[in-house]
Every structure is written in C-alpha cells, then in structure tokens.
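Working notes, beginning with the structure itself.
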Amino acid sequence: MAKGNTVRILVWSDYVCPFCYLERPVLERAQAELGHGVEIDWRSFELRPEPEPTLDPNAEYLHRVWNQSVYPMAQERGMVLKLPPVQPRSRKAHEAAEFARQASRLDAMNNALFKAFFEDGRDLADIEVLLDIGQSVGLDAGELREALTSGRYEQRVIEDQQLARQIGISGVPALIVTAGAQAYLVSGAQPYEAVKDVIARAIADRNASA
C-alpha cells in the first residue's frame, strides 16, 4: 500500500530480460517528473530458473526478437543494447541485488547489472563478475562474496517470485502501481505515456477515497 502522497511502483524484472532494461528510462522519467512522489521497488523474477534450460545465445529465435523488437525499442528510448554472447541463469544476480538493497544501493546495482549484461555482455552467473559489478556501485566485495556463497538472500528471491505468481504475473517487466487502495498492473515494456496514465489513475483513486 502506498503511504501518504507516495505512488509506489513494484517492478518485477529479470536481469537477462532486455525489455526490463528498456523500461528503466520510463521509470526514471516518472521519478524525475514526480520527484519523491514516486517510489520504485525492484523485485526478483527468474525467467529461466533451474531446472529449465537457458536459451542458446545463437538461437535464431533470439536474433529475430532482437531485430524485430529490442533494437528498434532501444533506438526509440535512446539506449544502446547488444545481444549478449551468453544466456546465464540470473538467481545470483538477484541475490546480489538483494544484498545491495540492504546497503541502500539497490537502484544503482539494478542499473549496473543490466548495463553489464546488455552493454558489456558479462556473465551474470559468475560470482567474480557480480563482485566486480558490486564494487563499481560501492558495495563491499568480501561481504557480497559471503552473501552469495552462503545463499543468504536466496529465500528473498524465491519469495518475490512466489508473490508474483500469487498476483498472476507470468512475464516481465510487470509493474504494480498503487497510490490508494486500488492496485494497477502494467505488463510489458510500456511507453512513458501509458505508465503516466496508470499513475494518474492510481492518484485519482486515492483522492476519490480520501
């Protein structure tokens, strides 16, 4: 539930999902225009958890999706993405993000993880890579290593995914927007105008029930 005058946006996403990265500028713009009135909270969602097979980085399907959808959307949104040479599992990346949350660096880590994968093609299943990304946003590498090797935040990642299933989320990005009692679901990498309209509806709902 959003508190006071805050609009809360829960964002379920996966670090190996290009459309999740492509929604970041939309959310950043919403925050820039509404300031502290918008609170964004990133949540975990693994598109291909164990034991599901990961995608073949050279699959024709991937190249088709990128050519038809990812590259055009990236150009529209002023971003440069490259089809990564690897398709790793993402659980450890989500655990690293949860560690960053405790250090109040979640948003910076979220952006750095997406950038590392979709701009630099780094393997997000590699703990050494995650430590390097964590250090780049000011996290303690020793503490992060211990958290990742011990699985300290694994249960939180699992709980985020269980909550997504309870809500009915089956794909990402998925945004739940609340300002009052009513929650609004926004599915997919929607343009700014669509997200702005949902935020306005959420605010109107809160004001109507005040």
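Here, A, B, ... name the chains of the structure tokens in the order displayed, residue numbers run from 1 inside each chain, and ligands are numbered from 1 in the same displayed order.
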
- Query: Hey, what's within 12 Å of Pro49 of chain A if we count only C-alpha atoms and toss same-chain stuff fewer than 3 positions away? As a PyMOL selection string, please?
  - Reply: chain A and resi 14+16+44-46+52-55+88-92+94+125+157-158+161

- Write out as JSON, numbers by chain which residues come within 9 Å of segment 163-178 of chain A when counting only C-alpha atoms, dropping same-chain ones fewer than 4 positions away. {"A": [1, 2, 6, 7, 8, 9, 10, 11, 12, 13, 14, 17, 19, 20, 21, 23, 43, 44, 45, 47, 158, 159, 182, 183, 184, 185, 186, 187, 188, 189, 195, 198, 199, 202, 203, 206]}

- Task: Write out as JSON, numbers by chain the residues lying within 10 Å of Ala103 of chain A, counting only C-alpha atoms and excluding same-chain residues fewer than 5 positions away.
- Result: {"A": [97, 98, 138, 139, 140]}

- Query: Among segment 4-168 of chain A, which ones does DSSP place in alpha helix (DSSP H), written as JSON, numbers by chain?
  - Reply: {"A": [18, 19, 20, 21, 22, 24, 25, 26, 27, 28, 29, 30, 31, 32, 33, 34, 60, 61, 62, 63, 64, 65, 71, 72, 73, 74, 75, 76, 91, 92, 93, 94, 95, 96, 97, 98, 99, 100, 101, 102, 106, 107, 108, 109, 110, 111, 112, 113, 114, 115, 116, 117, 118, 127, 128, 129, 130, 131, 132, 133, 134, 135, 136, 141, 142, 143, 144, 145, 146, 147, 148, 149, 150, 154, 155, 156, 157, 158, 159, 160, 161, 162, 163, 164, 165, 166, 167]}

- Pick out the closest residue to Leu130 of chain A from this set: A:Phe99, A:Tyr192, A:Tyr153, A:Tyr71. Count only C-alpha atoms. A:Phe99

- Task: Within 12 Å of Glu143 of chain A, counting only C-alpha atoms, which residues show up once you throw out same-chain ones fewer than 2 positions away? Write them as an MDAnalysis selection string, please.
- Result: chainID A and resid 96 99:100 102:103 131 134:135 138:141 145:150 152

How about saving the chosen residues, N, CA and C atoms kept, as a PDB file, in the first residue's frame?
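The result, written out as result_13.pdb:
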```pdb
ATOM      1  N   ALA A  96      22.481 -10.754  -5.447  1.00  0.00           N
ATOM      2  CA  ALA A  96      23.398  -9.608  -5.320  1.00  0.00           C
ATOM      3  C   ALA A  96      22.613  -8.310  -5.200  1.00  0.00           C
ATOM      4  N   PHE A  99      21.343  -8.016  -1.699  1.00  0.00           N
ATOM      5  CA  PHE A  99      22.436  -7.551  -0.835  1.00  0.00           C
ATOM      6  C   PHE A  99      22.571  -6.030  -0.966  1.00  0.00           C
ATOM      7  N   ALA A 100      22.501  -5.532  -2.209  1.00  0.00           N
ATOM      8  CA  ALA A 100      22.610  -4.086  -2.455  1.00  0.00           C
ATOM      9  C   ALA A 100      21.459  -3.323  -1.798  1.00  0.00           C
ATOM     10  N   GLN A 102      20.093  -3.924   1.048  1.00  0.00           N
ATOM     11  CA  GLN A 102      20.430  -3.716   2.458  1.00  0.00           C
ATOM     12  C   GLN A 102      21.443  -2.589   2.648  1.00  0.00           C
ATOM     13  N   ALA A 103      22.212  -2.315   1.597  1.00  0.00           N
ATOM     14  CA  ALA A 103      23.216  -1.238   1.655  1.00  0.00           C
ATOM     15  C   ALA A 103      22.691   0.047   1.019  1.00  0.00           C
ATOM     16  N   LEU A 131      30.821  -9.636  -8.132  1.00  0.00           N
ATOM     17  CA  LEU A 131      31.621  -8.884  -7.154  1.00  0.00           C
ATOM     18  C   LEU A 131      32.167  -7.609  -7.784  1.00  0.00           C
ATOM     19  N   GLY A 134      29.352  -5.196  -8.139  1.00  0.00           N
ATOM     20  CA  GLY A 134      29.023  -4.673  -6.814  1.00  0.00           C
ATOM     21  C   GLY A 134      30.010  -3.616  -6.353  1.00  0.00           C
ATOM     22  N   GLN A 135      31.294  -3.881  -6.537  1.00  0.00           N
ATOM     23  CA  GLN A 135      32.308  -2.891  -6.150  1.00  0.00           C
ATOM     24  C   GLN A 135      32.144  -1.588  -6.921  1.00  0.00           C
ATOM     25  N   GLY A 138      29.907   0.623  -5.101  1.00  0.00           N
ATOM     26  CA  GLY A 138      30.251   0.922  -3.710  1.00  0.00           C
ATOM     27  C   GLY A 138      29.957  -0.163  -2.699  1.00  0.00           C
ATOM     28  N   LEU A 139      29.712  -1.400  -3.157  1.00  0.00           N
ATOM     29  CA  LEU A 139      29.454  -2.491  -2.220  1.00  0.00           C
ATOM     30  C   LEU A 139      30.770  -3.134  -1.775  1.00  0.00           C
ATOM     31  N   ASP A 140      30.760  -3.709  -0.595  1.00  0.00           N
ATOM     32  CA  ASP A 140      31.934  -4.391  -0.058  1.00  0.00           C
ATOM     33  C   ASP A 140      32.034  -5.779  -0.696  1.00  0.00           C
ATOM     34  N   ALA A 141      33.126  -6.030  -1.421  1.00  0.00           N
ATOM     35  CA  ALA A 141      33.264  -7.282  -2.176  1.00  0.00           C
ATOM     36  C   ALA A 141      33.322  -8.499  -1.257  1.00  0.00           C
ATOM     37  N   ARG A 145      30.598 -11.425  -1.412  1.00  0.00           N
ATOM     38  CA  ARG A 145      31.001 -12.801  -1.704  1.00  0.00           C
ATOM     39  C   ARG A 145      30.392 -13.770  -0.671  1.00  0.00           C
ATOM     40  N   GLU A 146      30.486 -13.403   0.595  1.00  0.00           N
ATOM     41  CA  GLU A 146      29.946 -14.269   1.650  1.00  0.00           C
ATOM     42  C   GLU A 146      28.439 -14.445   1.477  1.00  0.00           C
ATOM     43  N   ALA A 147      27.750 -13.340   1.154  1.00  0.00           N
ATOM     44  CA  ALA A 147      26.294 -13.408   0.974  1.00  0.00           C
ATOM     45  C   ALA A 147      25.923 -14.316  -0.198  1.00  0.00           C
ATOM     46  N   LEU A 148      26.690 -14.238  -1.277  1.00  0.00           N
ATOM     47  CA  LEU A 148      26.383 -15.034  -2.466  1.00  0.00           C
ATOM     48  C   LEU A 148      26.741 -16.504  -2.272  1.00  0.00           C
ATOM     49  N   THR A 149      27.878 -16.785  -1.660  1.00  0.00           N
ATOM     50  CA  THR A 149      28.291 -18.185  -1.496  1.00  0.00           C
ATOM     51  C   THR A 149      27.442 -18.893  -0.434  1.00  0.00           C
ATOM     52  N   SER A 150      26.946 -18.151   0.540  1.00  0.00           N
ATOM     53  CA  SER A 150      26.115 -18.758   1.588  1.00  0.00           C
ATOM     54  C   SER A 150      24.639 -18.823   1.203  1.00  0.00           C
ATOM     55  N   ARG A 152      22.604 -16.278   1.350  1.00  0.00           N
ATOM     56  CA  ARG A 152      21.897 -15.538   2.401  1.00  0.00           C
ATOM     57  C   ARG A 152      20.581 -14.920   1.914  1.00  0.00           C
TER      58      ARG A 152
END
```

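Nearest residue to Ala204 of chain A among A:Pro191, A:Lys115, A:Trp66, A:Ala181 is A:Ala181, counting only C-alpha atoms.
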
- Nearest-residue call for Ser69 of chain A, choices A:Ala93, A:Ala32, A:Leu144, A:Leu22, using only C-alpha atoms: A:Leu22

- Tell me which of A:Glu154, A:Ser136, A:Leu83, A:Glu39 sits closest to Glu119 of chain A, counting only C-alpha atoms. A:Leu83

- Find the residues near Pro25 of chain A: any atom within 9 Å, counting only C-alpha atoms, skip ones fewer than 4 places away on the same chain, and give them as a ChimeraX atom specification. /A:21,29-30,77-79,192

Limited to C-alpha atoms, could you put the picked residues into a file as a compact mmCIF listing (two decimals), in the first residue's frame?
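Once written, part_0.txt looks like this:
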```txt
# COMPACT_ATOMS: atom_id res chain seq x y z
CA TYR A 21 16.22 -2.86 -19.02
CA ARG A 29 11.35 9.76 -16.18
CA ALA A 30 8.32 9.13 -13.95
CA ARG A 77 14.45 5.12 -25.97
CA GLY A 78 17.96 6.37 -26.65
CA MET A 79 19.71 3.23 -25.38
CA TYR A 192 6.03 6.55 -20.76
```

- Quick one, how far is atom CA of Gln87 of chain A from atom CA of Ser104 of chain A? 28.1 Å

- Message: I need the residue nearest Ala208 of chain A from this list: A:Gly35, A:Pro57, A:Pro18, A:Gly180. Use only C-alpha atoms for the distance.
- Response: A:Gly180

- Residues of segment 8-138 of chain A in strand (DSSP E or B) according to DSSP, as an NGL selection string? :A and (8-13 or 38-44)

- May I ask for the distance between atom CA of Phe118 of chain A and atom CA of Tyr15 of chain A, given in Å to one decimal place? 8.9 Å
